[in-house]
$ cat model-v8.txt   # compact mmCIF, C-alpha atoms
# COMPACT_ATOMS: atom_id res chain seq x y z
CA MET M 1 0.00 0.00 0.00
CA ARG M 2 1.37 3.42 -0.95
CA PHE M 3 1.65 6.16 1.64
CA SER M 4 -0.81 8.34 -0.33
CA GLU M 5 -3.45 5.61 0.08
CA ILE M 6 -2.66 5.12 3.78
CA LYS M 7 -2.89 8.84 4.42
CA ASP M 8 -6.16 9.07 2.51
CA HIS M 9 -7.65 6.24 4.60
CA LEU M 10 -6.44 7.70 7.91
CA SER M 11 -7.78 11.17 7.05
CA GLY M 12 -11.31 9.89 7.71
CA PHE M 13 -10.78 9.14 11.39
CA ARG M 14 -10.87 10.99 14.70
CA VAL M 15 -8.55 10.14 17.58
CA GLY M 16 -8.80 11.41 21.16
CA ILE M 17 -5.62 12.13 23.10
CA ALA M 18 -5.96 12.47 26.87
CA GLY M 19 -2.98 14.55 28.00
CA ALA M 20 -0.42 16.54 26.02
CA GLY M 21 2.79 15.76 27.92
CA GLY M 22 5.58 13.46 26.77
CA LEU M 23 3.29 10.67 25.59
CA GLY M 24 0.49 12.85 24.21
CA SER M 25 2.54 15.45 22.33
CA THR M 26 4.83 12.84 20.74
CA CYS M 27 1.99 10.50 19.85
CA ALA M 28 -0.08 13.37 18.38
CA VAL M 29 2.80 14.46 16.14
CA ALA M 30 3.29 10.89 14.83
CA LEU M 31 -0.44 10.62 14.09
CA ALA M 32 -0.46 14.03 12.39
CA ARG M 33 2.52 13.08 10.21
CA SER M 34 0.66 9.89 9.26
CA GLY M 35 -2.43 11.85 8.22
CA VAL M 36 -5.01 11.00 10.90
CA GLY M 37 -7.72 13.54 10.03
CA THR M 38 -8.91 14.85 13.38
CA LEU M 39 -7.16 14.91 16.74
CA VAL M 40 -9.08 15.85 19.88
CA ILE M 41 -6.42 16.80 22.45
CA SER M 42 -7.22 17.70 26.04
CA ASP M 43 -4.78 19.04 28.65
CA PHE M 44 -4.97 21.89 31.15
CA ASP M 45 -1.24 22.46 31.78
CA VAL M 46 1.15 25.13 30.56
CA ILE M 47 4.63 24.34 29.24
CA GLU M 48 7.45 24.52 31.78
CA PRO M 49 11.19 24.44 31.01
CA ALA M 50 11.43 20.99 32.68
CA ASN M 51 9.01 19.58 30.09
CA LEU M 52 11.45 20.17 27.24
CA ASN M 53 13.47 17.05 28.15
CA ARG M 54 10.80 14.93 26.46
CA GLN M 55 7.77 16.87 25.25
CA TYR M 56 7.22 18.10 21.69
CA TYR M 57 7.55 21.82 22.45
CA PHE M 58 10.09 24.61 21.99
CA ILE M 59 11.83 27.08 24.29
CA SER M 60 9.80 29.93 22.77
CA GLN M 61 6.58 28.16 23.84
CA VAL M 62 7.34 28.02 27.59
CA GLY M 63 4.36 29.48 29.45
CA MET M 64 1.86 28.63 26.71
CA LEU M 65 -0.97 26.14 27.14
CA LYS M 66 0.26 22.78 25.88
CA THR M 67 -2.80 22.22 23.72
CA ILE M 68 -2.44 25.57 21.94
CA ALA M 69 1.29 25.04 21.39
CA LEU M 70 0.72 21.50 20.12
CA LYS M 71 -1.95 22.69 17.70
CA GLU M 72 0.54 25.27 16.42
CA ASN M 73 3.33 22.67 16.06
CA ILE M 74 1.08 20.21 14.25
CA ALA M 75 -0.05 22.95 11.83
CA ARG M 76 3.63 23.51 10.97
CA ILE M 77 4.02 19.80 10.18
CA ASN M 78 0.77 19.00 8.38
CA HIS M 79 -1.90 21.64 7.87
CA ASP M 80 -4.44 19.09 6.61
CA ILE M 81 -5.01 17.91 10.19
CA THR M 82 -7.86 19.31 12.25
CA VAL M 83 -6.80 19.72 15.88
CA ILE M 84 -9.54 20.28 18.44
CA ALA M 85 -7.68 21.62 21.49
CA LEU M 86 -9.47 21.56 24.84
CA THR M 87 -8.13 22.79 28.15
CA GLU M 88 -10.44 20.92 30.47
CA LYS M 89 -9.22 18.77 33.34
CA LEU M 90 -10.48 15.35 32.33
CA ASP M 91 -12.63 13.31 34.69
CA ASN M 92 -15.07 10.40 34.58
CA LEU M 93 -17.95 12.73 33.69
CA ASN M 94 -16.47 14.78 30.84
CA ILE M 95 -14.39 12.09 29.10
CA PRO M 96 -17.36 10.42 27.33
CA GLU M 97 -18.55 13.88 26.23
CA ILE M 98 -15.19 15.25 25.08
CA PHE M 99 -14.15 12.13 23.21
CA THR M 100 -17.54 11.27 21.74
CA GLY M 101 -17.20 10.11 18.15
CA CYS M 102 -13.52 9.24 18.52
CA ASP M 103 -12.51 6.01 16.77
CA VAL M 104 -9.69 5.38 19.26
CA ILE M 105 -8.61 7.07 22.52
CA VAL M 106 -4.97 7.42 23.58
CA GLU M 107 -4.27 7.56 27.33
CA ALA M 108 -1.36 9.94 27.78
CA PHE M 109 -1.55 10.94 31.43
CA ASP M 110 1.36 11.24 33.82
CA LYS M 111 -0.22 10.04 37.07
CA ASP M 112 -1.24 6.45 37.72
CA ASP M 113 -4.56 7.37 39.37
CA MET M 114 -5.56 9.28 36.22
CA LYS M 115 -4.59 6.25 34.12
CA GLU M 116 -6.87 4.10 36.27
CA MET M 117 -9.68 6.67 36.03
CA ILE M 118 -9.67 6.85 32.23
CA ALA M 119 -9.44 3.05 31.88
CA GLU M 120 -12.52 2.62 34.10
CA THR M 121 -14.37 5.44 32.35
CA VAL M 122 -13.71 4.45 28.74
CA GLN M 123 -14.12 0.73 29.33
CA THR M 124 -17.38 1.01 31.23
CA ARG M 125 -19.00 4.13 29.73
CA MET M 126 -17.72 4.03 26.14
CA PRO M 127 -17.98 0.30 25.33
CA GLY M 128 -16.41 -0.62 22.01
CA THR M 129 -14.05 2.35 21.87
CA PRO M 130 -10.44 1.10 21.85
CA LEU M 131 -8.17 2.60 24.51
CA VAL M 132 -4.40 2.61 23.96
CA MET M 133 -2.50 3.08 27.22
CA GLY M 134 1.08 3.80 28.24
CA SER M 135 2.41 2.15 31.41
CA GLY M 136 6.09 2.03 32.39
CA LEU M 137 8.37 4.33 30.41
CA ALA M 138 10.59 6.26 32.84
CA GLY M 139 14.38 6.25 32.89
CA TRP M 140 16.70 5.14 30.13
CA GLY M 141 17.93 1.90 28.54
CA LYS M 142 16.18 -1.44 29.14
CA SER M 143 14.66 -1.33 25.67
CA GLU M 144 14.28 -5.10 25.86
CA ILE M 145 11.58 -4.96 28.54
CA ILE M 146 9.36 -2.46 26.72
CA LYS M 147 6.46 -4.38 25.29
CA PHE M 148 3.09 -4.19 23.65
CA ARG M 149 0.09 -6.18 24.84
CA LYS M 150 -3.32 -6.45 23.25
CA ILE M 151 -5.58 -7.34 26.17
CA ASP M 152 -8.69 -7.57 23.99
CA GLU M 153 -10.36 -5.64 21.14
CA THR M 154 -10.75 -2.52 23.29
CA LEU M 155 -7.60 -2.38 25.44
CA TYR M 156 -3.95 -2.12 24.41
CA ILE M 157 -0.96 -1.54 26.72
CA CYS M 158 2.43 -0.11 25.67
CA GLY M 159 5.38 0.08 28.06
CA ASP M 160 7.38 -2.06 30.47
CA GLU M 161 4.50 -2.20 33.03
CA SER M 162 7.04 -2.02 35.85
CA THR M 163 8.97 1.28 35.97
CA ALA M 164 7.28 4.16 37.82
CA ALA M 165 8.45 7.72 37.23
CA GLY M 166 9.83 9.67 40.19
CA ASP M 167 12.56 12.14 41.13
CA GLU M 168 15.21 9.41 40.88
CA MET M 169 13.61 7.85 37.81
CA PRO M 170 12.69 10.74 35.53
CA PRO M 171 10.82 10.25 32.29
CA MET M 172 13.18 11.04 29.39
CA ALA M 173 12.69 11.71 25.69
CA ALA M 174 14.07 8.47 24.28
CA ARG M 175 12.14 5.97 26.39
CA VAL M 176 8.94 8.05 26.56
CA GLY M 177 9.26 8.50 22.79
CA ILE M 178 9.46 4.74 22.21
CA VAL M 179 6.24 4.18 24.15
CA ALA M 180 4.45 7.20 22.61
CA ASN M 181 5.33 5.98 19.14
CA MET M 182 4.20 2.44 20.05
CA GLN M 183 0.87 3.98 21.02
CA ALA M 184 0.69 5.87 17.70
CA ASN M 185 1.66 2.69 15.85
CA THR M 186 -1.15 0.82 17.61
CA VAL M 187 -3.68 3.54 16.73
CA ILE M 188 -2.64 3.31 13.07
CA GLU M 189 -2.96 -0.47 13.11
CA ILE M 190 -6.47 -0.26 14.59
CA LEU M 191 -7.54 2.39 12.06
CA MET M 192 -6.05 0.60 9.05
CA LYS M 193 -8.30 -2.39 9.85
CA LYS M 194 -11.35 -0.18 10.21
CA THR M 195 -13.74 0.68 7.40
CA ARG M 196 -14.07 4.35 6.69
CA ASP M 197 -17.43 6.01 7.02
CA TYR M 198 -17.50 8.37 4.04
CA PHE M 199 -20.72 10.04 5.11
CA ARG M 200 -19.38 11.31 8.40
CA GLN M 201 -18.20 14.85 8.74
CA MET V 202 -10.00 -23.86 40.40
CA LYS V 203 -8.37 -23.27 37.07
CA ILE V 204 -8.36 -19.84 35.45
CA ILE V 205 -6.47 -18.06 32.71
CA LEU V 206 -4.40 -15.30 34.32
CA ASN V 207 -2.59 -12.95 31.93
CA ASN V 208 -2.80 -15.55 29.17
CA ARG V 209 -1.41 -18.37 31.35
CA GLU V 210 -3.25 -21.25 32.91
CA GLU V 211 -3.22 -20.90 36.67
CA VAL V 212 -4.51 -23.20 39.38
CA LEU V 213 -5.73 -21.41 42.51
CA SER V 214 -6.68 -23.19 45.71
CA GLY V 215 -10.31 -22.63 46.57
CA GLU V 216 -13.41 -22.03 44.48
CA ASN V 217 -15.18 -18.81 43.56
CA LEU V 218 -12.63 -16.35 44.89
CA SER V 219 -13.34 -12.64 44.93
CA VAL V 220 -11.04 -10.33 42.98
CA SER V 221 -9.59 -9.09 46.32
CA GLU V 222 -8.81 -12.65 47.41
CA MET V 223 -7.17 -13.46 44.08
CA LEU V 224 -4.99 -10.34 44.30
CA LYS V 225 -3.94 -11.34 47.82
CA ILE V 226 -3.15 -14.95 46.88
CA LYS V 227 -1.13 -13.85 43.86
CA LYS V 228 0.58 -11.08 45.89
CA PHE V 229 -0.41 -8.45 43.33
CA SER V 230 0.31 -5.62 45.74
CA TYR V 231 0.94 -2.61 43.49
CA LYS V 232 -2.02 -0.35 44.06
CA MET V 233 -2.76 1.07 40.62
CA ARG V 234 -4.09 -1.53 38.24
CA ILE V 235 -6.78 -2.69 35.88
CA VAL V 236 -8.53 -6.00 36.38
CA LYS V 237 -10.61 -7.47 33.57
CA ILE V 238 -12.61 -10.69 33.78
CA ASN V 239 -13.69 -12.13 30.43
CA SER V 240 -12.99 -8.70 28.88
CA LEU V 241 -15.18 -6.87 31.40
CA LEU V 242 -13.37 -4.23 33.49
CA ILE V 243 -14.00 -4.58 37.23
CA PRO V 244 -14.02 -1.19 39.00
CA ARG V 245 -11.97 -1.00 42.21
CA GLU V 246 -15.04 -0.70 44.44
CA GLU V 247 -16.33 -4.05 43.11
CA TYR V 248 -13.20 -6.09 43.95
CA GLU V 249 -14.82 -7.50 47.10
CA SER V 250 -18.14 -8.39 45.53
CA THR V 251 -16.95 -9.73 42.16
CA ILE V 252 -16.38 -13.48 42.08
CA ILE V 253 -13.93 -15.20 39.76
CA HIS V 254 -15.26 -18.52 38.48
CA ASP V 255 -13.53 -21.63 37.21
CA GLY V 256 -12.46 -21.13 33.58
CA ASP V 257 -12.57 -17.32 33.68
CA ASN V 258 -10.08 -15.29 31.65
CA VAL V 259 -8.52 -12.77 34.06
CA GLN V 260 -6.25 -9.93 32.98
CA MET V 261 -4.30 -7.84 35.49
CA ILE V 262 -2.42 -4.78 34.30
CA TYR V 263 -0.23 -2.57 36.47
CA LEU V 264 -0.45 1.16 35.80
CA MET V 265 2.84 2.98 36.33
CA SER V 266 3.16 6.75 36.66
CA GLY V 267 4.96 8.65 33.93
CA GLY V 268 3.98 10.21 30.65

$ encode --input "model-v8.txt" --output "structure tokens"
Amino acid sequence: MRFSEIKDHLSGFRVGIAGAGGLGSTCAVALARSGVGTLVISDFDVIEPANLNRQYYFISQVGMLKTIALKENIARINHDITVIALTEKLDNLNIPEIFTGCDVIVEAFDKDDMKEMIAETVQTRMPGTPLVMGSGLAGWGKSEIIKFRKIDETLYICGDESTAAGDEMPPMAARVGIVANMQANTVIEILMKKTRDYFRQ
Amino acid sequence: MKIILNNREEVLSGENLSVSEMLKIKKFSYKMRIVKINSLLIPREEYESTIIHDGDNVQMIYLMSGG
């Protein structure tokens, strides 16, 4: 299959991205480069200098809302992509609303309790919507323990499932990038198997 | 009873264990996790009341901070 055909197929889909940190910003850029038509990105944070060790932002964007900066960066890469940027703090009530109509949802939170919250919310309140999660990506090296698991048709896990981020185990660009790109790769695989609905806006 | 736990056959002593009991027996102590039984996610507050039956397919996923 030629890239022009892949891009054309992917342009008909909408993907939700919950969080625009290391996982979310990197994953969103990979999906935008691949031609996924619409990205719904939600995050309430502003860019801090410490984020630049792994997140897809620039020094000039420090202080900006991550979603606005990411929308700007994606437009510079591929202006055919529609980015819907939302600055709401996600919870179990607004997630089904915000990500309604999304073909796949990417979990890109930092904190483990938020990861648990979105898993419970999407799996119980949005049945049938695939959720692609990141779990275990901090530090460096140990590429051999980073894995991908398809739990079932609606749940996919990327990461080593054992390394928690902390002051002594910081998340860094290379390892976070591997997992973020595994998530993007999984989204593309799900979408390439899906039939496009040509009547949807 | 015999169950499938993370894609492996597993024999647990006792019948009809709750999710909490299974987690204790298997020493799954890390607090942030997802438990699915036959593809159905079990919310944390239902760990005590949800029973795992012989032959069930149980998935346990640890959720690690970082993103």

$ atom_distance --input "model-v8.txt" --atom1 "CA of Val46 (chain M)" --atom2 "CA of Thr121 (chain M)"
25.1 Å

$ closest_residue --input "model-v8.txt" --among "V:Ser214, V:Ser250, V:Ser219, V:Ser240" --to "chain M" --atoms "all atoms listed in the file"
V:Ser240

$ closest_residue --input "model-v8.txt" --among "M:Lys193, M:Arg125, M:His9, M:Arg2" --to "chain V" --atoms "only C-alpha atoms"
M:Arg125

$ closest_residue --input "model-v8.txt" --among "M:Arg76, M:Lys115, M:Lys89, M:Lys150" --to "chain V" --atoms "only C-alpha atoms"
M:Lys115

$ closest_residue --input "model-v8.txt" --among "V:Val220, V:Ile226, V:Ile262, V:Ile235" --to "Glu247 (chain V)" --atoms "all atoms listed in the file"
V:Val220

$ interface_residues --input "model-v8.txt" --of "chain M" --to "chain V" --cutoff "6 Å" --atoms "only C-alpha atoms" --output "count of residues only"
11

$ residues_around --input "model-v8.txt" --residues "Glu144 (chain M)" --least-positions-apart "4" --cutoff "12 Å" --atoms "all atoms listed in the file" --output "PyMOL selection string"
chain M and resi 140+148+159-160+175+178

$ atom_distance --input "model-v8.txt" --atom1 "CA of Leu191 (chain M)" --atom2 "CA of Ala138 (chain M)"
27.8 Å

$ atom_distance --input "model-v8.txt" --atom1 "CA of Leu10 (chain M)" --atom2 "CA of Leu70 (chain M)"
19.8 Å

$ residues_around --input "model-v8.txt" --residues "Ile204 (chain V)" --least-positions-apart "3" --cutoff "12 Å" --atoms "all atoms listed in the file" --output "ChimeraX atom specification"
/V:207-218,223,238-239,253-260

$ residues_near_point --input "model-v8.txt" --point "(-15.4, 13.1, 30.7)" --cutoff "12 Å" --atoms "only C-alpha atoms" --output "JSON list (two decimals) with C-alpha atoms, in the coordinates of the input"
[["chain", "number", "residue", "atom", "x", "y", "z"],
["M", 16, "GLY", "CA", -8.80, 11.41, 21.16],
["M", 18, "ALA", "CA", -5.96, 12.47, 26.87],
["M", 42, "SER", "CA", -7.22, 17.70, 26.04],
["M", 86, "LEU", "CA", -9.47, 21.56, 24.84],
["M", 88, "GLU", "CA", -10.44, 20.92, 30.47],
["M", 89, "LYS", "CA", -9.22, 18.77, 33.34],
["M", 90, "LEU", "CA", -10.48, 15.35, 32.33],
["M", 91, "ASP", "CA", -12.63, 13.31, 34.69],
["M", 92, "ASN", "CA", -15.07, 10.40, 34.58],
["M", 93, "LEU", "CA", -17.95, 12.73, 33.69],
["M", 94, "ASN", "CA", -16.47, 14.78, 30.84],
["M", 95, "ILE", "CA", -14.39, 12.09, 29.10],
["M", 96, "PRO", "CA", -17.36, 10.42, 27.33],
["M", 97, "GLU", "CA", -18.55, 13.88, 26.23],
["M", 98, "ILE", "CA", -15.19, 15.25, 25.08],
["M", 99, "PHE", "CA", -14.15, 12.13, 23.21],
["M", 100, "THR", "CA", -17.54, 11.27, 21.74],
["M", 114, "MET", "CA", -5.56, 9.28, 36.22],
["M", 117, "MET", "CA", -9.68, 6.67, 36.03],
["M", 118, "ILE", "CA", -9.67, 6.85, 32.23],
["M", 119, "ALA", "CA", -9.44, 3.05, 31.88],
["M", 120, "GLU", "CA", -12.52, 2.62, 34.10],
["M", 121, "THR", "CA", -14.37, 5.44, 32.35],
["M", 122, "VAL", "CA", -13.71, 4.45, 28.74],
["M", 125, "ARG", "CA", -19.00, 4.13, 29.73],
["M", 126, "MET", "CA", -17.72, 4.03, 26.14]]

$ residues_around --input "model-v8.txt" --residues "Val29 (chain M)" --least-positions-apart "2" --cutoff "12 Å" --atoms "all atoms listed in the file" --output "PyMOL selection string"
chain M and resi 17+20-27+31-36+39+41+55-57+69-79+81+83+177+180-181+183-185

$ closest_residue --input "model-v8.txt" --among "M:Arg196, M:Gln61, M:Ala173, M:Lys66" --to "Phe13 (chain M)" --atoms "all atoms listed in the file"
M:Arg196

$ axis_aligned_box --input "model-v8.txt" --around "region 176-188 of chain M" --padding-each-side "8 Å" --output "AutoDock Vina command-line options"
--center_x 2.9 --center_y 4.7 --center_z 19.8 --size_x 29.1 --size_y 23.7 --size_z 29.5

$ build_atoms --input "model-v8.txt" --residues "region 71-82 of chain M" --atoms "all heavy atoms" --output "PDB file, keeping the file's coordinate frame"
ATOM      1  N   LYS M  71      -1.156  22.397  18.903  1.00  0.00           N
ATOM      2  CA  LYS M  71      -1.950  22.690  17.700  1.00  0.00           C
ATOM      3  C   LYS M  71      -1.094  23.478  16.700  1.00  0.00           C
ATOM      4  O   LYS M  71      -1.089  23.185  15.501  1.00  0.00           O
ATOM      5  CB  LYS M  71      -3.191  23.491  18.105  1.00  0.00           C
ATOM      6  CG  LYS M  71      -4.154  23.724  16.976  1.00  0.00           C
ATOM      7  CD  LYS M  71      -5.434  24.390  17.446  1.00  0.00           C
ATOM      8  CE  LYS M  71      -6.301  24.673  16.236  1.00  0.00           C
ATOM      9  NZ  LYS M  71      -7.713  24.790  16.544  1.00  0.00           N
ATOM     10  N   GLU M  72      -0.349  24.441  17.234  1.00  0.00           N
ATOM     11  CA  GLU M  72       0.540  25.270  16.420  1.00  0.00           C
ATOM     12  C   GLU M  72       1.648  24.387  15.777  1.00  0.00           C
ATOM     13  O   GLU M  72       1.914  24.499  14.576  1.00  0.00           O
ATOM     14  CB  GLU M  72       1.164  26.292  17.367  1.00  0.00           C
ATOM     15  CG  GLU M  72       1.888  27.460  16.759  1.00  0.00           C
ATOM     16  CD  GLU M  72       2.377  28.380  17.888  1.00  0.00           C
ATOM     17  OE1 GLU M  72       1.547  29.155  18.408  1.00  0.00           O
ATOM     18  OE2 GLU M  72       3.567  28.303  18.270  1.00  0.00           O
ATOM     19  N   ASN M  73       2.247  23.518  16.571  1.00  0.00           N
ATOM     20  CA  ASN M  73       3.330  22.670  16.060  1.00  0.00           C
ATOM     21  C   ASN M  73       2.832  21.699  14.995  1.00  0.00           C
ATOM     22  O   ASN M  73       3.508  21.454  13.995  1.00  0.00           O
ATOM     23  CB  ASN M  73       4.015  21.935  17.208  1.00  0.00           C
ATOM     24  CG  ASN M  73       4.698  22.897  18.176  1.00  0.00           C
ATOM     25  OD1 ASN M  73       4.898  24.067  17.841  1.00  0.00           O
ATOM     26  ND2 ASN M  73       5.030  22.425  19.363  1.00  0.00           N
ATOM     27  N   ILE M  74       1.639  21.148  15.222  1.00  0.00           N
ATOM     28  CA  ILE M  74       1.080  20.210  14.250  1.00  0.00           C
ATOM     29  C   ILE M  74       0.763  20.941  12.935  1.00  0.00           C
ATOM     30  O   ILE M  74       1.016  20.412  11.850  1.00  0.00           O
ATOM     31  CB  ILE M  74      -0.160  19.488  14.830  1.00  0.00           C
ATOM     32  CG1 ILE M  74       0.310  18.453  15.872  1.00  0.00           C
ATOM     33  CG2 ILE M  74      -0.989  18.819  13.740  1.00  0.00           C
ATOM     34  CD1 ILE M  74      -0.791  17.822  16.691  1.00  0.00           C
ATOM     35  N   ALA M  75       0.257  22.170  13.040  1.00  0.00           N
ATOM     36  CA  ALA M  75      -0.050  22.950  11.830  1.00  0.00           C
ATOM     37  C   ALA M  75       1.224  23.197  11.008  1.00  0.00           C
ATOM     38  O   ALA M  75       1.181  23.304   9.782  1.00  0.00           O
ATOM     39  CB  ALA M  75      -0.696  24.271  12.214  1.00  0.00           C
ATOM     40  N   ARG M  76       2.358  23.287  11.689  1.00  0.00           N
ATOM     41  CA  ARG M  76       3.630  23.510  10.970  1.00  0.00           C
ATOM     42  C   ARG M  76       4.121  22.240  10.301  1.00  0.00           C
ATOM     43  O   ARG M  76       4.977  22.279   9.427  1.00  0.00           O
ATOM     44  CB  ARG M  76       4.694  24.035  11.949  1.00  0.00           C
ATOM     45  CG  ARG M  76       4.415  25.460  12.401  1.00  0.00           C
ATOM     46  CD  ARG M  76       5.445  25.918  13.407  1.00  0.00           C
ATOM     47  NE  ARG M  76       6.770  26.014  12.800  1.00  0.00           N
ATOM     48  CZ  ARG M  76       7.890  26.234  13.488  1.00  0.00           C
ATOM     49  NH1 ARG M  76       7.831  26.371  14.807  1.00  0.00           N
ATOM     50  NH2 ARG M  76       9.047  26.307  12.884  1.00  0.00           N
ATOM     51  N   ILE M  77       3.601  21.087  10.745  1.00  0.00           N
ATOM     52  CA  ILE M  77       4.020  19.800  10.180  1.00  0.00           C
ATOM     53  C   ILE M  77       3.079  19.356   9.063  1.00  0.00           C
ATOM     54  O   ILE M  77       3.502  18.910   8.005  1.00  0.00           O
ATOM     55  CB  ILE M  77       4.076  18.719  11.294  1.00  0.00           C
ATOM     56  CG1 ILE M  77       5.199  19.029  12.284  1.00  0.00           C
ATOM     57  CG2 ILE M  77       4.252  17.324  10.695  1.00  0.00           C
ATOM     58  CD1 ILE M  77       5.124  18.246  13.591  1.00  0.00           C
ATOM     59  N   ASN M  78       1.770  19.476   9.336  1.00  0.00           N
ATOM     60  CA  ASN M  78       0.770  19.000   8.380  1.00  0.00           C
ATOM     61  C   ASN M  78      -0.502  19.828   8.554  1.00  0.00           C
ATOM     62  O   ASN M  78      -1.260  19.621   9.504  1.00  0.00           O
ATOM     63  CB  ASN M  78       0.487  17.518   8.644  1.00  0.00           C
ATOM     64  CG  ASN M  78      -0.450  16.911   7.625  1.00  0.00           C
ATOM     65  OD1 ASN M  78      -1.088  17.628   6.847  1.00  0.00           O
ATOM     66  ND2 ASN M  78      -0.545  15.597   7.629  1.00  0.00           N
ATOM     67  N   HIS M  79      -0.729  20.772   7.645  1.00  0.00           N
ATOM     68  CA  HIS M  79      -1.900  21.640   7.870  1.00  0.00           C
ATOM     69  C   HIS M  79      -3.216  21.027   7.393  1.00  0.00           C
ATOM     70  O   HIS M  79      -4.252  21.671   7.436  1.00  0.00           O
ATOM     71  CB  HIS M  79      -1.692  23.061   7.322  1.00  0.00           C
ATOM     72  CG  HIS M  79      -1.143  23.110   5.948  1.00  0.00           C
ATOM     73  ND1 HIS M  79      -0.189  24.026   5.573  1.00  0.00           N
ATOM     74  CD2 HIS M  79      -1.385  22.345   4.876  1.00  0.00           C
ATOM     75  CE1 HIS M  79       0.130  23.801   4.312  1.00  0.00           C
ATOM     76  NE2 HIS M  79      -0.578  22.801   3.871  1.00  0.00           N
ATOM     77  N   ASP M  80      -3.186  19.760   6.953  1.00  0.00           N
ATOM     78  CA  ASP M  80      -4.440  19.090   6.610  1.00  0.00           C
ATOM     79  C   ASP M  80      -5.131  18.502   7.847  1.00  0.00           C
ATOM     80  O   ASP M  80      -6.254  18.013   7.763  1.00  0.00           O
ATOM     81  CB  ASP M  80      -4.181  17.930   5.632  1.00  0.00           C
ATOM     82  CG  ASP M  80      -3.742  18.447   4.273  1.00  0.00           C
ATOM     83  OD1 ASP M  80      -4.112  19.588   3.927  1.00  0.00           O
ATOM     84  OD2 ASP M  80      -3.014  17.706   3.577  1.00  0.00           O
ATOM     85  N   ILE M  81      -4.452  18.527   8.981  1.00  0.00           N
ATOM     86  CA  ILE M  81      -5.010  17.910  10.190  1.00  0.00           C
ATOM     87  C   ILE M  81      -5.849  18.920  10.968  1.00  0.00           C
ATOM     88  O   ILE M  81      -5.434  20.058  11.169  1.00  0.00           O
ATOM     89  CB  ILE M  81      -3.866  17.403  11.116  1.00  0.00           C
ATOM     90  CG1 ILE M  81      -2.856  16.544  10.355  1.00  0.00           C
ATOM     91  CG2 ILE M  81      -4.418  16.672  12.333  1.00  0.00           C
ATOM     92  CD1 ILE M  81      -3.410  15.307   9.694  1.00  0.00           C
ATOM     93  N   THR M  82      -7.031  18.478  11.378  1.00  0.00           N
ATOM     94  CA  THR M  82      -7.860  19.310  12.250  1.00  0.00           C
ATOM     95  C   THR M  82      -7.526  18.961  13.704  1.00  0.00           C
ATOM     96  O   THR M  82      -7.656  17.800  14.104  1.00  0.00           O
ATOM     97  CB  THR M  82      -9.359  19.040  12.012  1.00  0.00           C
ATOM     98  OG1 THR M  82      -9.629  19.260  10.624  1.00  0.00           O
ATOM     99  CG2 THR M  82     -10.232  19.950  12.854  1.00  0.00           C
TER     100      THR M  82
END
